[in-house]
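Here the structure comes first, spelled out in structure tokens, and everything after it is commentary.
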Amino acid sequence: MNGHMETVQTLTAAQIFASDEAFLLIRADLDTRRPRGLHTQDFHEMLWVQNGTVRLHMSGLKRDLTEGDLVFIAPDQPHAIQGKGDAAIVVSLAIRPGVIRAIGNRHEDLTGLAFWAGGATPAVTHRDIRQLADLNTAALKLERSPRDKLYLEAFLLPLLTALDRAPDGLHQGAPDWLIHALSAARDPAVFRQGAAGFVALCGRAHPHVSRTMRRYTGQTPVEYINAQRMAHAARCLTGTADSISDIADSCGLPNLSHFHKTFLAAFGETPQKYRTARQRDLVQPRG
């Protein structure tokens, strides 16, 4: 048999779901024999590799997946999966037609992500060990829940918000390594290290990162990191009683003069004025 596998069947929701089910969650030990062909389906499916290595077959393509790889399969995307070696296990979440469309209609920020990535082949991302453990814990909770849309959305939305997401204004064609770094740089553990920490996360030379950043974001690493720092500072100023010096330190800017100057440039007012206007005056306006 050559590398191309013809689609031989289409699965339908009527075959898979009971009339009152919004989803179906299963764990499966995979057969290591080569699939006879690809299949399509009229519903969405999310699956992740729980253990071992899995081969994802697509039209004219194949891709080996390892533990933690997460696949988002949209309707009419031909595919098949095959275990590679012993103990290849996947978890599959089949989702009734219409549910994913409704979520996407409510949340336009999901455009280009996961089920909404577009294209002829499924979108694939990866969960690290900690993220995979969180995913499995959430899946266990979902498994024990009623098979209603409410519980399905409670499972899906935290996962979707945790995926790497290109920031607003990012030009098309940005490399995956940059998208991952831009998403990860929202974490205080990253932006506290400044531009050097961001560049290290990219795994590329600083000049190359700077050129790529300017091309796809119009910003330098320093400008992007400072924007993340100031967004964090603004959240802390309105949501906590932490001192301004502690907030500055949490941003990785222990020099208070530099912190004030950077915040003023970002928001047009001092940290204290920003806090007062939103933390006190919003709740107890003086009139």
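Labeling convention for the structure tokens: chains A, B, ... as they appear, residues from 1 per chain, ligands from 1 in order of appearance.
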Based on the backbone DSSP call, show me all residues of range 120-158 of chain A assigned strand (DSSP E or B), as a list in words. Ala123, Val124, Thr125 and His126 of chain A
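Near Gln219 in chain A, within 12 Å and counting only C-alpha atoms, sit A:Pro167, A:Gly169, A:Leu170, A:His171, A:Leu182, A:Ala195, A:Val209, A:Ser210, A:Arg211, A:Thr212, A:Met213, A:Arg214, A:Arg215, A:Tyr216, A:Thr217, A:Pro221, A:Val222, A:Glu223, A:Tyr224, A:Ile225, A:Asn226, A:Ala227; same-chain residues fewer than 2 positions away were not included.
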Which residues come within 12 Å of range 33-40 of chain A, counting only C-alpha atoms, excluding same-chain residues fewer than 5 positions away, as a short mmCIF file (atom, residue, chain, number, x, y, z; two decimals) with all heavy atoms, in the first residue's frame?
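result_13.cif, written as the output of this step:
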```
data_model
loop_
_atom_site.label_atom_id
_atom_site.label_comp_id
_atom_site.auth_asym_id
_atom_site.auth_seq_id
_atom_site.Cartn_x
_atom_site.Cartn_y
_atom_site.Cartn_z
N MET A 1 0.85 -1.20 0.00
CA MET A 1 0.00 0.00 0.00
C MET A 1 0.88 1.24 0.00
O MET A 1 1.88 1.31 0.72
CB MET A 1 -0.89 0.01 1.25
CG MET A 1 -1.87 1.17 1.29
SD MET A 1 -2.89 1.12 2.81
CE MET A 1 -3.87 -0.34 2.52
N ASN A 2 0.58 2.22 -0.81
CA ASN A 2 1.41 3.41 -0.87
C ASN A 2 1.09 4.32 0.30
O ASN A 2 0.25 4.05 1.14
CB ASN A 2 1.24 4.13 -2.21
CG ASN A 2 -0.21 4.57 -2.45
OD1 ASN A 2 -0.94 4.87 -1.52
ND2 ASN A 2 -0.58 4.61 -3.71
N GLY A 3 1.78 5.49 0.35
CA GLY A 3 1.62 6.40 1.49
C GLY A 3 0.28 7.07 1.55
O GLY A 3 -0.11 7.60 2.58
N HIS A 4 -0.47 7.09 0.46
CA HIS A 4 -1.76 7.77 0.45
C HIS A 4 -2.86 6.79 0.84
O HIS A 4 -2.91 5.67 0.37
CB HIS A 4 -2.03 8.33 -0.94
CG HIS A 4 -3.34 9.07 -1.02
ND1 HIS A 4 -3.54 10.27 -0.40
CD2 HIS A 4 -4.50 8.74 -1.64
CE1 HIS A 4 -4.78 10.68 -0.65
NE2 HIS A 4 -5.38 9.76 -1.39
N MET A 5 -3.74 7.21 1.74
CA MET A 5 -4.82 6.36 2.20
C MET A 5 -6.14 7.00 1.81
O MET A 5 -6.40 8.15 2.14
CB MET A 5 -4.75 6.17 3.72
CG MET A 5 -3.43 5.58 4.21
SD MET A 5 -3.32 5.60 6.00
CE MET A 5 -4.62 4.45 6.43
N GLU A 6 -6.97 6.27 1.10
CA GLU A 6 -8.25 6.80 0.68
C GLU A 6 -9.26 6.76 1.83
O GLU A 6 -9.26 5.85 2.63
CB GLU A 6 -8.79 5.98 -0.49
CG GLU A 6 -7.93 6.06 -1.75
CD GLU A 6 -7.94 7.43 -2.37
OE1 GLU A 6 -8.87 8.20 -2.10
OE2 GLU A 6 -7.00 7.75 -3.12
N THR A 7 -10.10 7.80 1.92
CA THR A 7 -11.15 7.80 2.91
C THR A 7 -12.15 6.70 2.57
O THR A 7 -12.61 6.58 1.43
CB THR A 7 -11.87 9.15 2.92
OG1 THR A 7 -10.93 10.17 3.25
CG2 THR A 7 -13.00 9.15 3.93
N VAL A 8 -12.48 5.86 3.55
CA VAL A 8 -13.37 4.73 3.28
C VAL A 8 -14.70 4.83 4.02
O VAL A 8 -15.62 4.09 3.70
CB VAL A 8 -12.69 3.39 3.62
CG1 VAL A 8 -11.47 3.18 2.76
CG2 VAL A 8 -12.32 3.32 5.10
N GLN A 9 -14.80 5.71 4.99
CA GLN A 9 -16.06 5.80 5.70
C GLN A 9 -16.22 7.16 6.35
O GLN A 9 -15.26 7.90 6.52
CB GLN A 9 -16.17 4.71 6.78
CG GLN A 9 -15.14 4.83 7.89
CD GLN A 9 -15.38 3.79 8.97
OE1 GLN A 9 -16.51 3.51 9.35
NE2 GLN A 9 -14.28 3.21 9.49
N THR A 10 -17.46 7.48 6.68
CA THR A 10 -17.79 8.70 7.40
C THR A 10 -18.59 8.34 8.64
O THR A 10 -19.61 7.64 8.54
CB THR A 10 -18.62 9.66 6.53
OG1 THR A 10 -17.84 10.05 5.39
CG2 THR A 10 -19.01 10.91 7.32
N LEU A 11 -18.11 8.77 9.80
CA LEU A 11 -18.84 8.58 11.04
C LEU A 11 -19.83 9.72 11.21
O LEU A 11 -19.53 10.87 10.91
CB LEU A 11 -17.89 8.54 12.23
CG LEU A 11 -16.82 7.45 12.23
CD1 LEU A 11 -15.95 7.56 13.48
CD2 LEU A 11 -17.45 6.07 12.15
N THR A 12 -21.00 9.42 11.74
CA THR A 12 -22.01 10.44 11.96
C THR A 12 -22.38 10.52 13.43
O THR A 12 -22.22 9.55 14.19
CB THR A 12 -23.29 10.15 11.14
OG1 THR A 12 -23.90 8.96 11.67
CG2 THR A 12 -22.97 9.96 9.67
N ALA A 13 -22.88 11.70 13.81
CA ALA A 13 -23.30 11.89 15.19
C ALA A 13 -24.39 10.90 15.58
O ALA A 13 -24.44 10.43 16.73
CB ALA A 13 -23.79 13.32 15.38
N GLU A 45 -13.94 16.50 17.31
CA GLU A 45 -13.31 15.57 18.23
C GLU A 45 -11.98 16.16 18.70
O GLU A 45 -11.23 16.76 17.93
CB GLU A 45 -13.05 14.22 17.54
CG GLU A 45 -12.38 13.19 18.43
CD GLU A 45 -12.00 11.92 17.68
OE1 GLU A 45 -12.15 11.91 16.43
OE2 GLU A 45 -11.55 10.96 18.32
N VAL A 54 1.85 7.67 18.93
CA VAL A 54 0.69 7.49 18.07
C VAL A 54 1.01 8.10 16.71
O VAL A 54 1.57 9.19 16.63
CB VAL A 54 -0.56 8.17 18.68
CG1 VAL A 54 -1.73 8.12 17.70
CG2 VAL A 54 -0.92 7.51 20.00
N ARG A 55 0.64 7.41 15.65
CA ARG A 55 0.80 7.98 14.31
C ARG A 55 -0.54 8.51 13.82
O ARG A 55 -1.54 7.78 13.80
CB ARG A 55 1.35 6.95 13.33
CG ARG A 55 1.45 7.46 11.89
CD ARG A 55 2.42 6.63 11.07
NE ARG A 55 3.77 6.83 11.56
CZ ARG A 55 4.84 6.15 11.09
NH1 ARG A 55 4.68 5.23 10.15
NH2 ARG A 55 6.05 6.39 11.57
N LEU A 56 -0.56 9.79 13.48
CA LEU A 56 -1.75 10.43 12.91
C LEU A 56 -1.62 10.42 11.40
O LEU A 56 -0.70 11.02 10.84
CB LEU A 56 -1.87 11.86 13.44
CG LEU A 56 -2.98 12.73 12.83
CD1 LEU A 56 -4.36 12.18 13.19
CD2 LEU A 56 -2.85 14.19 13.31
N HIS A 57 -2.51 9.70 10.73
CA HIS A 57 -2.54 9.66 9.28
C HIS A 57 -3.52 10.71 8.77
O HIS A 57 -4.64 10.84 9.28
CB HIS A 57 -2.98 8.28 8.78
CG HIS A 57 -2.03 7.18 9.13
ND1 HIS A 57 -0.98 6.82 8.32
CD2 HIS A 57 -1.99 6.35 10.20
CE1 HIS A 57 -0.32 5.81 8.86
NE2 HIS A 57 -0.91 5.50 10.02
N MET A 58 -3.11 11.46 7.75
CA MET A 58 -3.96 12.46 7.11
C MET A 58 -3.84 12.29 5.61
O MET A 58 -3.11 11.42 5.14
CB MET A 58 -3.55 13.86 7.56
CG MET A 58 -3.66 14.08 9.07
SD MET A 58 -2.74 15.52 9.69
CE MET A 58 -1.05 14.87 9.71
N SER A 59 -4.53 13.09 4.85
CA SER A 59 -4.50 12.95 3.40
C SER A 59 -3.09 13.20 2.86
O SER A 59 -2.62 14.33 2.83
CB SER A 59 -5.48 13.93 2.75
OG SER A 59 -6.80 13.62 3.11
N GLY A 60 -2.42 12.13 2.46
CA GLY A 60 -1.08 12.26 1.91
C GLY A 60 -0.01 12.58 2.92
O GLY A 60 1.14 12.82 2.56
N LEU A 61 -0.35 12.61 4.22
CA LEU A 61 0.59 13.00 5.26
C LEU A 61 0.49 12.03 6.44
O LEU A 61 -0.51 11.35 6.61
CB LEU A 61 0.28 14.42 5.78
CG LEU A 61 0.29 15.56 4.78
CD1 LEU A 61 -0.31 16.81 5.43
CD2 LEU A 61 1.70 15.84 4.29
N LYS A 62 1.53 12.02 7.24
CA LYS A 62 1.47 11.31 8.52
C LYS A 62 2.36 12.05 9.51
O LYS A 62 3.35 12.70 9.14
CB LYS A 62 1.90 9.86 8.37
CG LYS A 62 3.30 9.65 7.81
CD LYS A 62 3.55 8.17 7.58
CE LYS A 62 4.95 7.96 6.95
NZ LYS A 62 5.20 6.52 6.67
N ILE A 73 -9.79 17.96 15.93
CA ILE A 73 -10.26 17.45 14.64
C ILE A 73 -11.61 18.07 14.33
O ILE A 73 -12.59 17.90 15.07
CB ILE A 73 -10.38 15.92 14.67
CG1 ILE A 73 -9.03 15.29 15.07
CG2 ILE A 73 -10.85 15.40 13.32
CD1 ILE A 73 -9.12 13.81 15.38
N ALA A 74 -11.66 18.81 13.23
CA ALA A 74 -12.91 19.42 12.77
C ALA A 74 -13.63 18.47 11.83
O ALA A 74 -13.02 17.54 11.28
CB ALA A 74 -12.61 20.74 12.07
N PRO A 75 -14.93 18.67 11.63
CA PRO A 75 -15.65 17.83 10.67
C PRO A 75 -15.00 17.87 9.28
O PRO A 75 -14.44 18.89 8.89
CB PRO A 75 -17.05 18.44 10.66
CG PRO A 75 -17.20 19.08 12.00
CD PRO A 75 -15.83 19.62 12.32
N ASP A 76 -15.08 16.76 8.60
CA ASP A 76 -14.62 16.65 7.22
C ASP A 76 -13.10 16.76 7.07
O ASP A 76 -12.61 17.06 5.97
CB ASP A 76 -15.31 17.69 6.33
CG ASP A 76 -16.82 17.55 6.36
OD1 ASP A 76 -17.29 16.39 6.40
OD2 ASP A 76 -17.52 18.57 6.36
N GLN A 77 -12.35 16.52 8.15
CA GLN A 77 -10.89 16.43 8.04
C GLN A 77 -10.50 14.95 8.04
O GLN A 77 -10.56 14.30 9.08
CB GLN A 77 -10.19 17.16 9.20
CG GLN A 77 -10.28 18.67 9.10
CD GLN A 77 -9.59 19.38 10.26
OE1 GLN A 77 -9.52 18.85 11.37
NE2 GLN A 77 -9.09 20.57 10.01
N PRO A 78 -10.16 14.37 6.89
CA PRO A 78 -9.84 12.94 6.84
C PRO A 78 -8.64 12.60 7.72
O PRO A 78 -7.62 13.30 7.70
CB PRO A 78 -9.51 12.72 5.35
CG PRO A 78 -10.15 13.87 4.64
CD PRO A 78 -10.05 15.03 5.58
N HIS A 79 -8.76 11.54 8.49
CA HIS A 79 -7.70 11.16 9.40
C HIS A 79 -7.87 9.71 9.84
O HIS A 79 -8.92 9.10 9.65
CB HIS A 79 -7.68 12.07 10.64
CG HIS A 79 -8.90 11.89 11.50
ND1 HIS A 79 -10.12 12.43 11.19
CD2 HIS A 79 -9.08 11.19 12.66
CE1 HIS A 79 -11.00 12.10 12.12
NE2 HIS A 79 -10.41 11.35 13.01
N ALA A 80 -6.82 9.18 10.45
CA ALA A 80 -6.85 7.88 11.11
C ALA A 80 -5.70 7.87 12.10
O ALA A 80 -4.72 8.61 11.94
CB ALA A 80 -6.71 6.74 10.11
N ILE A 81 -5.81 7.05 13.14
CA ILE A 81 -4.73 6.96 14.11
C ILE A 81 -4.29 5.51 14.27
O ILE A 81 -5.07 4.58 14.08
CB ILE A 81 -5.12 7.56 15.48
CG1 ILE A 81 -6.38 6.90 16.03
CG2 ILE A 81 -5.29 9.06 15.37
CD1 ILE A 81 -6.70 7.36 17.45
N GLN A 82 -3.03 5.36 14.64
CA GLN A 82 -2.39 4.05 14.73
C GLN A 82 -1.43 4.05 15.91
O GLN A 82 -0.66 5.01 16.08
CB GLN A 82 -1.65 3.76 13.42
CG GLN A 82 -0.80 2.49 13.42
CD GLN A 82 0.06 2.41 12.17
OE1 GLN A 82 0.14 3.35 11.38
NE2 GLN A 82 0.73 1.28 11.99
N GLY A 83 -1.46 3.03 16.73
CA GLY A 83 -0.48 2.90 17.80
C GLY A 83 0.88 2.54 17.23
O GLY A 83 0.98 1.78 16.27
N LYS A 84 1.92 3.08 17.83
CA LYS A 84 3.30 2.74 17.42
C LYS A 84 4.01 2.19 18.65
O LYS A 84 4.33 2.91 19.58
CB LYS A 84 4.03 3.98 16.90
CG LYS A 84 3.40 4.62 15.68
CD LYS A 84 3.47 3.70 14.47
CE LYS A 84 4.88 3.54 13.97
NZ LYS A 84 4.92 2.67 12.75
N GLY A 85 4.20 0.88 18.68
CA GLY A 85 4.80 0.26 19.84
C GLY A 85 3.74 -0.11 20.87
O GLY A 85 2.54 -0.01 20.64
N ASP A 86 4.21 -0.55 22.03
CA ASP A 86 3.30 -1.04 23.06
C ASP A 86 2.65 0.11 23.84
O ASP A 86 3.21 1.20 23.96
CB ASP A 86 4.07 -1.93 24.05
CG ASP A 86 4.61 -3.20 23.39
OD1 ASP A 86 3.99 -3.63 22.40
OD2 ASP A 86 5.64 -3.71 23.86
N ALA A 120 -6.98 21.92 6.02
CA ALA A 120 -7.46 20.59 5.63
C ALA A 120 -7.07 19.51 6.62
O ALA A 120 -7.58 18.39 6.55
CB ALA A 120 -6.91 20.24 4.24
N THR A 121 -6.14 19.82 7.53
CA THR A 121 -5.68 18.82 8.49
C THR A 121 -5.92 19.30 9.92
O THR A 121 -6.00 20.50 10.18
CB THR A 121 -4.17 18.54 8.30
OG1 THR A 121 -3.44 19.76 8.46
CG2 THR A 121 -3.91 17.98 6.91
N PRO A 122 -6.02 18.37 10.87
CA PRO A 122 -6.27 18.75 12.26
C PRO A 122 -5.16 19.61 12.85
O PRO A 122 -3.98 19.47 12.49
CB PRO A 122 -6.37 17.41 12.98
CG PRO A 122 -6.73 16.41 11.92
CD PRO A 122 -6.03 16.91 10.68
#
```
Polymer residues at most 12 Å from range 234-251 of chain A, only C-alpha atoms, same-chain spacing of 2 or more positions, as a PyMOL selection string: chain A and resi 185-194+225-232+253-264+266-267+269-283
Write out as a PyMOL selection string which residues come within 12 Å of range 103-107 of chain A when counting only C-alpha atoms, dropping same-chain ones fewer than 4 positions away. chain A and resi 95+97-99+111-117+149-150+152-154+156-157+160-161
Selection from above, all heavy atoms, as a compact mmCIF listing (two decimals), in the first residue's frame, can you write it?
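Contents of selection.txt, freshly written:
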```txt
# COMPACT_ATOMS: atom_id res chain seq x y z
N ILE A 95 -17.65 15.56 20.32
CA ILE A 95 -18.53 16.67 20.71
C ILE A 95 -19.65 16.80 19.69
O ILE A 95 -19.42 16.89 18.48
CB ILE A 95 -17.71 17.98 20.78
CG1 ILE A 95 -16.55 17.81 21.78
CG2 ILE A 95 -18.60 19.15 21.16
CD1 ILE A 95 -15.54 18.93 21.73
N PRO A 97 -22.44 17.87 17.13
CA PRO A 97 -22.45 18.98 16.17
C PRO A 97 -23.20 20.19 16.70
O PRO A 97 -24.22 20.07 17.39
CB PRO A 97 -23.18 18.37 14.96
CG PRO A 97 -22.93 16.91 15.07
CD PRO A 97 -22.91 16.60 16.54
N GLY A 98 -22.64 21.36 16.41
CA GLY A 98 -23.26 22.61 16.80
C GLY A 98 -22.67 23.23 18.04
O GLY A 98 -22.68 24.45 18.20
N VAL A 99 -22.11 22.40 18.94
CA VAL A 99 -21.58 22.93 20.19
C VAL A 99 -20.36 23.81 19.94
O VAL A 99 -20.27 24.94 20.46
CB VAL A 99 -21.22 21.78 21.16
CG1 VAL A 99 -20.53 22.32 22.41
CG2 VAL A 99 -22.47 20.99 21.54
N THR A 111 -10.84 32.54 16.97
CA THR A 111 -10.56 32.42 15.53
C THR A 111 -9.10 32.06 15.30
O THR A 111 -8.20 32.69 15.86
CB THR A 111 -10.89 33.74 14.82
OG1 THR A 111 -12.27 34.04 15.02
CG2 THR A 111 -10.61 33.63 13.33
N GLY A 112 -8.86 31.03 14.51
CA GLY A 112 -7.50 30.61 14.20
C GLY A 112 -6.89 29.66 15.21
O GLY A 112 -5.73 29.27 15.07
N LEU A 113 -7.66 29.29 16.23
CA LEU A 113 -7.14 28.46 17.31
C LEU A 113 -7.89 27.14 17.39
O LEU A 113 -9.12 27.10 17.18
CB LEU A 113 -7.28 29.21 18.63
CG LEU A 113 -6.68 28.59 19.89
CD1 LEU A 113 -5.15 28.72 19.84
CD2 LEU A 113 -7.20 29.29 21.15
N ALA A 114 -7.19 26.06 17.65
CA ALA A 114 -7.80 24.76 17.95
C ALA A 114 -8.79 24.33 16.87
O ALA A 114 -8.42 24.23 15.71
CB ALA A 114 -8.46 24.81 19.34
N PHE A 115 -10.06 24.11 17.23
CA PHE A 115 -11.07 23.69 16.26
C PHE A 115 -11.29 24.72 15.16
O PHE A 115 -11.79 24.40 14.08
CB PHE A 115 -12.41 23.44 16.95
CG PHE A 115 -12.39 22.31 17.94
CD1 PHE A 115 -12.61 22.54 19.28
CD2 PHE A 115 -12.17 21.00 17.51
CE1 PHE A 115 -12.62 21.49 20.19
CE2 PHE A 115 -12.17 19.95 18.42
CZ PHE A 115 -12.40 20.20 19.77
N TRP A 116 -10.96 25.97 15.45
CA TRP A 116 -11.21 27.07 14.52
C TRP A 116 -9.97 27.46 13.73
O TRP A 116 -9.91 28.51 13.12
CB TRP A 116 -11.72 28.28 15.32
CG TRP A 116 -12.93 27.96 16.13
CD1 TRP A 116 -14.25 28.07 15.73
CD2 TRP A 116 -12.98 27.45 17.47
NE1 TRP A 116 -15.08 27.68 16.73
CE2 TRP A 116 -14.35 27.28 17.81
CE3 TRP A 116 -12.01 27.11 18.41
CZ2 TRP A 116 -14.75 26.80 19.06
CZ3 TRP A 116 -12.41 26.62 19.65
CH2 TRP A 116 -13.77 26.47 19.97
N ALA A 117 -8.96 26.57 13.70
CA ALA A 117 -7.71 26.89 13.01
C ALA A 117 -7.87 26.92 11.51
O ALA A 117 -7.10 27.57 10.80
CB ALA A 117 -6.63 25.88 13.41
N LYS A 149 -24.13 20.16 27.85
CA LYS A 149 -23.28 21.20 27.27
C LYS A 149 -22.63 22.07 28.34
O LYS A 149 -21.51 22.54 28.18
CB LYS A 149 -24.10 22.07 26.31
CG LYS A 149 -24.44 21.37 25.01
CD LYS A 149 -25.07 22.31 24.01
CE LYS A 149 -26.46 22.74 24.42
NZ LYS A 149 -27.12 23.57 23.39
N LEU A 150 -23.33 22.30 29.45
CA LEU A 150 -22.78 23.14 30.51
C LEU A 150 -21.46 22.58 31.03
O LEU A 150 -20.46 23.30 31.16
CB LEU A 150 -23.79 23.26 31.65
CG LEU A 150 -23.31 24.01 32.90
CD1 LEU A 150 -23.04 25.47 32.57
CD2 LEU A 150 -24.35 23.90 34.02
N LEU A 152 -19.55 20.35 29.56
CA LEU A 152 -18.60 20.30 28.46
C LEU A 152 -17.89 21.65 28.30
O LEU A 152 -16.67 21.72 28.17
CB LEU A 152 -19.31 19.92 27.16
CG LEU A 152 -18.47 19.95 25.89
CD1 LEU A 152 -17.30 18.98 25.99
CD2 LEU A 152 -19.34 19.64 24.67
N GLU A 153 -18.65 22.72 28.32
CA GLU A 153 -18.05 24.06 28.18
C GLU A 153 -17.16 24.39 29.38
O GLU A 153 -16.12 25.04 29.23
CB GLU A 153 -19.12 25.12 27.99
CG GLU A 153 -19.82 25.02 26.64
CD GLU A 153 -20.55 26.30 26.27
OE1 GLU A 153 -20.15 27.37 26.75
OE2 GLU A 153 -21.51 26.22 25.48
N ALA A 154 -17.56 23.94 30.58
CA ALA A 154 -16.74 24.18 31.76
C ALA A 154 -15.39 23.48 31.63
O ALA A 154 -14.38 23.94 32.18
CB ALA A 154 -17.47 23.68 33.01
N LEU A 156 -13.98 22.76 28.43
CA LEU A 156 -13.29 23.27 27.25
C LEU A 156 -12.70 24.66 27.43
O LEU A 156 -11.58 24.93 26.99
CB LEU A 156 -14.24 23.29 26.05
CG LEU A 156 -14.57 21.94 25.40
CD1 LEU A 156 -15.65 22.13 24.34
CD2 LEU A 156 -13.33 21.31 24.80
N LEU A 157 -13.45 25.58 28.04
CA LEU A 157 -13.02 26.98 28.05
C LEU A 157 -11.70 27.20 28.79
O LEU A 157 -10.83 27.92 28.29
CB LEU A 157 -14.13 27.86 28.60
CG LEU A 157 -15.35 27.99 27.69
CD1 LEU A 157 -16.43 28.83 28.34
CD2 LEU A 157 -14.97 28.57 26.33
N LEU A 160 -8.98 26.02 26.39
CA LEU A 160 -8.80 26.90 25.23
C LEU A 160 -8.09 28.19 25.60
O LEU A 160 -7.26 28.70 24.84
CB LEU A 160 -10.16 27.20 24.59
CG LEU A 160 -10.86 25.99 23.95
CD1 LEU A 160 -12.29 26.35 23.57
CD2 LEU A 160 -10.09 25.49 22.74
N THR A 161 -8.40 28.74 26.77
CA THR A 161 -7.74 29.98 27.18
C THR A 161 -6.27 29.75 27.53
O THR A 161 -5.48 30.70 27.53
CB THR A 161 -8.45 30.62 28.39
OG1 THR A 161 -8.50 29.68 29.48
CG2 THR A 161 -9.86 31.04 28.03
```
For Asp29 in chain A, please output as number ranges by chain all residues within 9 Å (counting only C-alpha atoms; exclusion window: fewer than 4 positions along the same chain). A: 83, 87-90
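Going from CA of Asp109 in chain A over to CA of Ala184 in chain A, you cover 17.4 Å.
Near range 63-70 of chain A, within a cut-off of 8 Å and counting only C-alpha atoms, sit the residues Met46, Leu47, Trp48, Val49, Gln50, Asn51, Gly52, Thr53, Val54, Arg55, Leu56, His57, Val124, Thr125, His126, Arg127, Asp128, Ile129 and Leu132 of chain A, with same-chain residues fewer than 4 positions away left out.
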Atoms kept (C-alpha atoms) for selection, written as an mmCIF file, in the first residue's frame:
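The result, written out as selection_38.cif:
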```cif
data_model
loop_
_atom_site.group_PDB
_atom_site.id
_atom_site.type_symbol
_atom_site.label_atom_id
_atom_site.label_comp_id
_atom_site.auth_asym_id
_atom_site.auth_seq_id
_atom_site.Cartn_x
_atom_site.Cartn_y
_atom_site.Cartn_z
ATOM 1 C CA MET A 46 -10.415 16.365 20.551
ATOM 2 C CA LEU A 47 -7.920 13.673 21.433
ATOM 3 C CA TRP A 48 -4.647 13.588 23.284
ATOM 4 C CA VAL A 49 -1.886 11.018 23.678
ATOM 5 C CA GLN A 50 -2.013 9.606 27.186
ATOM 6 C CA ASN A 51 0.848 7.163 26.757
ATOM 7 C CA GLY A 52 3.267 5.947 24.117
ATOM 8 C CA THR A 53 3.561 7.048 20.508
ATOM 9 C CA VAL A 54 0.694 7.486 18.068
ATOM 10 C CA ARG A 55 0.801 7.984 14.307
ATOM 11 C CA LEU A 56 -1.745 10.427 12.913
ATOM 12 C CA HIS A 57 -2.538 9.660 9.276
ATOM 13 C CA VAL A 124 -1.961 19.841 16.847
ATOM 14 C CA THR A 125 -0.497 21.379 19.992
ATOM 15 C CA HIS A 126 1.362 20.054 23.023
ATOM 16 C CA ARG A 127 0.785 19.954 26.774
ATOM 17 C CA ASP A 128 3.805 19.625 29.069
ATOM 18 C CA ILE A 129 3.806 17.217 32.018
ATOM 19 C CA LEU A 132 -1.190 17.133 30.829
#
```
Could you go through range 46-197 of chain A and tell me which residues DSSP, when run on the backbone, assigns to alpha helix (DSSP H), listing them as an mmCIF file with C-alpha atoms, in the first residue's frame?
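Ended up saving to states-v4.cif:
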```cif
data_model
loop_
_atom_site.group_PDB
_atom_site.id
_atom_site.type_symbol
_atom_site.label_atom_id
_atom_site.label_comp_id
_atom_site.auth_asym_id
_atom_site.auth_seq_id
_atom_site.Cartn_x
_atom_site.Cartn_y
_atom_site.Cartn_z
ATOM 1 C CA VAL A 99 -21.579 22.928 20.194
ATOM 2 C CA ILE A 100 -18.195 24.089 18.903
ATOM 3 C CA ARG A 101 -19.825 26.413 16.364
ATOM 4 C CA ALA A 102 -21.860 28.032 19.142
ATOM 5 C CA ILE A 103 -18.773 28.549 21.326
ATOM 6 C CA GLY A 104 -16.889 30.103 18.408
ATOM 7 C CA ASN A 105 -19.791 32.433 17.664
ATOM 8 C CA ARG A 106 -19.689 33.725 21.230
ATOM 9 C CA ILE A 129 3.806 17.217 32.018
ATOM 10 C CA ARG A 130 2.063 19.642 34.379
ATOM 11 C CA GLN A 131 -0.464 20.739 31.769
ATOM 12 C CA LEU A 132 -1.190 17.133 30.829
ATOM 13 C CA ALA A 133 -1.813 16.277 34.482
ATOM 14 C CA ASP A 134 -4.242 19.214 34.723
ATOM 15 C CA LEU A 135 -5.967 18.086 31.520
ATOM 16 C CA ASN A 136 -6.382 14.535 32.829
ATOM 17 C CA THR A 137 -7.764 15.797 36.133
ATOM 18 C CA ALA A 138 -10.303 17.963 34.307
ATOM 19 C CA ALA A 139 -11.200 15.041 32.033
ATOM 20 C CA LEU A 140 -11.839 12.807 35.031
ATOM 21 C CA LYS A 141 -14.191 15.445 36.439
ATOM 22 C CA LEU A 142 -15.937 15.713 33.060
ATOM 23 C CA GLU A 143 -16.248 11.930 32.862
ATOM 24 C CA LYS A 149 -23.280 21.204 27.272
ATOM 25 C CA LEU A 150 -22.777 23.141 30.511
ATOM 26 C CA TYR A 151 -20.231 20.669 31.860
ATOM 27 C CA LEU A 152 -18.598 20.301 28.459
ATOM 28 C CA GLU A 153 -18.046 24.056 28.181
ATOM 29 C CA ALA A 154 -16.740 24.176 31.761
ATOM 30 C CA PHE A 155 -14.094 21.686 30.618
ATOM 31 C CA LEU A 156 -13.294 23.272 27.249
ATOM 32 C CA LEU A 157 -13.019 26.977 28.051
ATOM 33 C CA PRO A 158 -10.134 26.779 30.592
ATOM 34 C CA LEU A 159 -8.244 24.557 28.167
ATOM 35 C CA LEU A 160 -8.798 26.898 25.229
ATOM 36 C CA THR A 161 -7.739 29.980 27.182
ATOM 37 C CA ALA A 162 -4.511 28.199 28.186
ATOM 38 C CA ASP A 176 5.428 28.994 15.867
ATOM 39 C CA TRP A 177 8.398 29.584 18.169
ATOM 40 C CA LEU A 178 7.583 33.285 18.306
ATOM 41 C CA ILE A 179 3.868 32.703 18.955
ATOM 42 C CA HIS A 180 4.755 30.331 21.789
ATOM 43 C CA ALA A 181 7.208 32.806 23.320
ATOM 44 C CA LEU A 182 4.782 35.734 23.051
ATOM 45 C CA SER A 183 2.108 33.678 24.797
ATOM 46 C CA ALA A 184 4.472 32.380 27.490
ATOM 47 C CA PRO A 188 5.320 36.704 35.522
ATOM 48 C CA ALA A 189 8.003 34.027 35.770
ATOM 49 C CA VAL A 190 9.051 35.017 32.239
ATOM 50 C CA PHE A 191 8.579 38.783 32.081
ATOM 51 C CA GLY A 194 13.145 40.980 31.121
ATOM 52 C CA ALA A 195 14.021 40.860 27.449
ATOM 53 C CA ALA A 196 16.914 38.484 28.091
ATOM 54 C CA GLY A 197 14.529 35.922 29.573
#
```
